[in-house]
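Asks: What follows is run-v4.tsv, TSV, C-alpha atoms.
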```
chain	number	residue	atom	x	y	z
A	23	MET	CA	74.25	-13.86	12.53
A	24	ARG	CA	73.63	-10.56	10.77
A	25	ARG	CA	76.48	-8.61	9.30
A	26	GLN	CA	76.35	-4.96	10.07
A	27	ARG	CA	77.12	-2.54	7.26
A	28	ARG	CA	79.84	-0.12	7.95
A	29	PHE	CA	79.17	3.56	7.62
A	30	ASP	CA	80.51	4.66	4.24
A	31	PRO	CA	80.49	8.47	3.88
A	32	GLU	CA	81.52	8.35	0.21
A	33	ARG	CA	78.65	6.05	-0.66
A	34	ARG	CA	76.19	8.35	1.13
A	35	LEU	CA	77.61	11.35	-0.71
A	36	LEU	CA	77.20	9.58	-4.08
A	37	ILE	CA	73.60	8.61	-3.28
A	38	ARG	CA	72.78	12.14	-2.18
A	39	THR	CA	74.44	13.58	-5.31
A	40	ARG	CA	72.54	11.18	-7.56
A	41	ARG	CA	69.24	12.18	-5.96
A	42	ARG	CA	70.07	15.87	-6.28
A	43	ILE	CA	70.92	15.51	-10.00
A	44	THR	CA	67.72	13.52	-10.56
A	45	ALA	CA	65.63	16.18	-8.80
A	46	GLN	CA	67.27	18.99	-10.77
A	47	VAL	CA	66.71	17.29	-14.13
A	48	ALA	CA	63.09	16.41	-13.23
A	49	GLY	CA	62.46	19.94	-11.94
A	50	GLY	CA	63.86	21.50	-15.11
A	51	PHE	CA	61.79	19.28	-17.39
A	52	SER	CA	58.67	19.86	-15.30
A	53	LEU	CA	59.15	23.62	-15.36
A	54	VAL	CA	59.56	23.65	-19.13
A	55	LEU	CA	56.46	21.47	-19.58
A	56	ALA	CA	54.42	23.63	-17.21
A	57	LEU	CA	55.45	26.83	-19.03
A	58	MET	CA	54.60	25.29	-22.41
A	59	GLY	CA	51.25	24.11	-21.06
A	60	ALA	CA	50.46	27.56	-19.69
A	61	MET	CA	51.32	29.13	-23.05
A	62	VAL	CA	49.13	26.65	-24.94
A	63	TYR	CA	46.25	27.24	-22.53
A	64	TYR	CA	46.59	31.04	-22.76
A	65	VAL	CA	46.73	30.99	-26.56
A	66	MET	CA	43.66	28.74	-26.78
A	67	VAL	CA	41.59	30.72	-24.26
A	68	ASN	CA	42.55	34.03	-25.84
A	69	GLY	CA	41.79	32.71	-29.33
A	70	GLN	CA	38.40	31.42	-28.21
A	71	ASP	CA	37.55	34.75	-26.59
A	72	VAL	CA	38.58	36.82	-29.61
A	73	ALA	CA	36.63	34.53	-31.99
A	74	ALA	CA	33.52	34.56	-29.77
A	75	ARG	CA	33.51	38.35	-29.51
A	76	ARG	CA	34.03	38.70	-33.27
A	77	ASP	CA	31.22	36.21	-34.02
A	78	LEU	CA	28.86	38.04	-31.67
A	79	ALA	CA	29.69	41.40	-33.24
A	80	VAL	CA	28.94	40.09	-36.72
A	81	ALA	CA	25.76	38.35	-35.58
A	82	VAL	CA	24.30	41.29	-33.71
A	83	ARG	CA	25.12	43.60	-36.61
A	84	SER	CA	23.85	41.54	-39.54
A	85	ALA	CA	22.38	38.10	-38.71
A	86	SER	CA	18.71	37.39	-39.13
A	87	ILE	CA	16.78	36.98	-35.90
A	88	THR	CA	14.90	34.05	-37.46
A	89	GLN	CA	18.10	32.19	-38.43
A	90	PRO	CA	20.89	32.93	-35.96
A	91	PRO	CA	24.32	31.26	-36.14
A	92	PRO	CA	24.80	27.96	-34.24
A	93	CYS	CA	24.97	28.13	-30.42
A	94	MET	CA	23.73	31.69	-30.58
A	95	TRP	CA	20.40	33.47	-30.18
A	96	LEU	CA	19.32	36.94	-31.22
A	97	PHE	CA	16.86	39.29	-29.52
A	98	GLU	CA	15.41	42.69	-30.36
A	99	LEU	CA	13.82	45.18	-28.00
A	100	ARG	CA	11.23	47.43	-29.65
A	101	GLY	CA	9.62	49.68	-27.10
A	102	ASP	CA	8.75	47.20	-24.38
A	103	VAL	CA	8.34	44.14	-26.63
A	104	VAL	CA	11.13	41.58	-27.07
A	105	ARG	CA	11.38	39.54	-30.27
A	106	ARG	CA	13.44	36.35	-29.99
A	107	SER	CA	15.12	33.73	-32.13
A	108	PRO	CA	13.27	30.43	-32.50
A	109	GLY	CA	14.34	27.90	-29.88
A	110	SER	CA	15.96	30.46	-27.59
A	111	PRO	CA	15.98	29.61	-23.88
A	112	ASP	CA	13.17	31.16	-21.85
A	113	ARG	CA	15.66	32.68	-19.39
A	114	LEU	CA	17.10	34.87	-22.14
A	115	PRO	CA	17.57	37.70	-23.14
A	116	VAL	CA	19.47	39.50	-20.41
A	117	ARG	CA	16.97	42.30	-20.15
A	118	ALA	CA	19.11	44.46	-17.82
A	119	PHE	CA	21.78	44.78	-20.54
A	120	MET	CA	19.14	45.66	-23.13
A	121	ASP	CA	17.71	48.38	-20.90
A	122	LEU	CA	21.17	49.90	-20.31
A	123	VAL	CA	21.95	50.02	-24.03
A	124	ALA	CA	18.48	51.39	-24.82
A	125	ALA	CA	19.12	54.16	-22.28
A	126	ASP	CA	22.64	55.25	-23.26
A	127	GLY	CA	23.22	53.71	-26.72
A	128	ARG	CA	26.69	52.36	-25.82
A	129	PRO	CA	27.41	48.77	-26.97
A	130	ARG	CA	28.19	46.28	-24.21
A	131	VAL	CA	29.85	42.87	-24.17
A	132	GLU	CA	29.46	40.94	-20.92
A	133	VAL	CA	29.74	37.40	-19.59
A	134	ALA	CA	26.50	36.48	-17.82
A	135	LYS	CA	25.51	33.48	-15.71
A	136	VAL	CA	21.82	32.83	-16.21
A	137	GLY	CA	20.04	29.75	-14.90
A	138	GLY	CA	23.31	27.96	-14.18
A	139	GLN	CA	24.64	28.48	-17.73
A	140	THR	CA	27.37	30.86	-18.85
A	141	TYR	CA	26.74	33.11	-21.83
A	142	LEU	CA	28.67	35.77	-23.69
A	143	VAL	CA	26.27	38.63	-24.40
A	144	ARG	CA	26.69	41.52	-26.83
A	145	THR	CA	24.05	44.25	-26.79
A	146	GLN	CA	24.01	47.26	-29.12
A	147	GLN	CA	21.77	49.45	-31.23
A	148	ARG	CA	20.93	48.13	-34.70
A	149	ASP	CA	18.74	50.17	-37.07
A	150	GLY	CA	17.21	52.09	-34.17
A	151	VAL	CA	16.42	48.91	-32.25
A	152	THR	CA	18.25	47.46	-29.24
A	153	ALA	CA	19.65	44.12	-30.40
A	154	GLN	CA	21.29	41.41	-28.35
A	155	ALA	CA	23.29	38.38	-29.45
A	156	VAL	CA	23.84	35.66	-26.84
A	157	MET	CA	26.36	32.84	-27.23
A	158	ASP	CA	26.25	29.68	-25.14
A	159	LEU	CA	29.76	29.12	-23.74
A	160	ARG	CA	29.27	25.58	-22.42
A	161	PHE	CA	31.19	23.92	-25.28
A	162	ARG	CA	34.07	26.39	-25.04
A	163	ILE	CA	34.25	25.87	-21.28
A	164	ALA	CA	34.20	22.09	-21.79
A	165	ASP	CA	37.06	22.42	-24.30
A	166	ARG	CA	39.09	24.42	-21.75
A	167	GLU	CA	38.48	21.87	-19.01
A	168	GLN	CA	39.50	19.02	-21.34
A	169	LEU	CA	42.66	20.89	-22.28
A	170	LEU	CA	43.52	21.40	-18.59
A	171	ARG	CA	43.03	17.68	-17.88
A	172	THR	CA	45.20	16.77	-20.87
A	173	LEU	CA	47.92	19.23	-19.88
A	174	GLY	CA	47.86	17.85	-16.33
A	175	ALA	CA	48.25	14.28	-17.60
A	176	ALA	CA	51.07	15.37	-19.92
A	177	GLU	CA	52.81	17.14	-17.03
A	178	PHE	CA	52.55	14.00	-14.88
A	179	ALA	CA	53.86	11.75	-17.68
A	180	GLY	CA	56.65	14.25	-18.37
A	181	LEU	CA	57.61	14.27	-14.70
A	182	LEU	CA	57.86	10.48	-14.66
A	183	ALA	CA	59.97	10.51	-17.82
A	184	ALA	CA	62.15	13.29	-16.39
A	185	LEU	CA	62.72	11.29	-13.20
A	186	LEU	CA	63.81	8.29	-15.25
A	187	ILE	CA	66.09	10.40	-17.46
A	188	GLY	CA	67.49	12.11	-14.37
A	189	GLN	CA	68.31	8.74	-12.80
A	190	VAL	CA	70.09	7.58	-15.94
A	191	LEU	CA	72.04	10.85	-16.33
A	192	ALA	CA	72.97	10.92	-12.65
A	193	GLY	CA	74.17	7.31	-12.82
A	194	ARG	CA	76.35	8.07	-15.80
A	195	ALA	CA	77.69	11.26	-14.26
A	196	ILE	CA	78.67	9.47	-11.08
```
The structure given in the file should be rewritten as structure tokens.
Replies:
Amino acid sequence: MRRQRRFDPERRLLIRTRRRITAQVAGGFSLVLALMGAMVYYVMVNGQDVAARRDLAVAVRSASITQPPPCMWLFELRGDVVRRSPGSPDRLPVRAFMDLVAADGRPRVEVAKVGGQTYLVRTQQRDGVTAQAVMDLRFRIADREQLLRTLGAAEFAGLLAALLIGQVLAGRAI
């Protein structure tokens, strides 16, 4: 014969209160972790962007076309002839940017997708010649994706820890 439990409103109230406290603690921890993760991601992405633009500006202004910095290629447009760095991809330079700068003389910095790859491109006049520095962004993009995966895993682990802490705190409070 099975014994039937009696309805206990106080017990239900305590269980509901414990769950609510656990959810509030876990939500608070998760929110803090998510905000910290967003700040870390923003600071890293912004820092990468500023450094890449600075490196391109220096390279297009003063680097030798025969020995460009790592992960970067240099190009010069003289008349209708393009000189290129050794080992540069065939799909580069971004000729449309070079033609625009040759026409109006204003420097340009653009992100370009060429042949399935993403590049940061700076084009400007240098000693009467249209020069272009192109940086391959694949490693920076891979770093960002790895950071997002790591932040996601940290958020998940933090949520589990917050749930456990919330359970303990709720049990003690009750």
Asks: Give me, as a tab-separated table (two decimals) with C-alpha atoms, in the frame of the given file, all polymer residues having an atom no more than 10 Å from Val131 (chain A), counting only C-alpha atoms and skipping those fewer than 6 positions away in the same chain.
Replies:
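What ended up in around-v8.tsv:
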```tsv
chain	number	residue	atom	x	y	z
A	75	ARG	CA	33.51	38.35	-29.51
A	78	LEU	CA	28.86	38.04	-31.67
A	79	ALA	CA	29.69	41.40	-33.24
A	119	PHE	CA	21.78	44.78	-20.54
A	142	LEU	CA	28.67	35.77	-23.69
A	143	VAL	CA	26.27	38.63	-24.40
A	144	ARG	CA	26.69	41.52	-26.83
A	145	THR	CA	24.05	44.25	-26.79
A	146	GLN	CA	24.01	47.26	-29.12
A	154	GLN	CA	21.29	41.41	-28.35
A	155	ALA	CA	23.29	38.38	-29.45
A	156	VAL	CA	23.84	35.66	-26.84
```
Asks: Between CA of Leu191 (chain A) and CA of Ser52 (chain A), what is the distance in Å, rounded to a tenth?
Replies: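 Distance reported for this atom pair: 16.2 Å.
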Asks: Determine, counting all atoms listed in the file, which protein, DNA and RNA residues have an atom within 9 Å of an atom of Trp95 (chain A); residues of the same chain fewer than 2 positions away are not included. Present the result as an NGL selection string.
Replies: :A and (87 or 89-93 or 97 or 106-111 or 114-115 or 154-158)
Asks: Dig up all the protein and nucleic acid residues within 12 Å of (65.2, 14.7, -7.5) in the file frame, using only C-alpha atoms, and format them as a list in words.
Replies: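 The answer, in the requested form, is Ile37, Arg38, Thr39, Arg40, Arg41, Arg42, Ile43, Thr44, Ala45, Gln46, Val47, Ala48, Gly49, Gly50, Phe51, Ser52, Leu181, Leu182, Ala184, Leu185, Leu186, Ile187, Gly188, Gln189, Leu191 and Ala192 of chain A.
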Asks: Between CA of Leu55 (chain A) and CA of Val67 (chain A), measure the distance and give it in Å to one decimal.
Replies: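 Computing the Euclidean distance for CA of Leu55 (chain A) and CA of Val67 (chain A) yields 18.1 Å.
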Asks: Can you tell me how far CA of Phe178 (chain A) sits from CA of Ala60 (chain A), in Å to one decimal?
Replies: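 These atoms are spaced 14.5 Å apart.
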Asks: Ranking A:Val151, A:Val54, A:Val190, A:Leu35 by minimum distance to Ala124 (chain A) and counting all atoms listed in the file, which one comes first?
Replies: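 Smallest separation from Ala124 (chain A) among the options: A:Val151.
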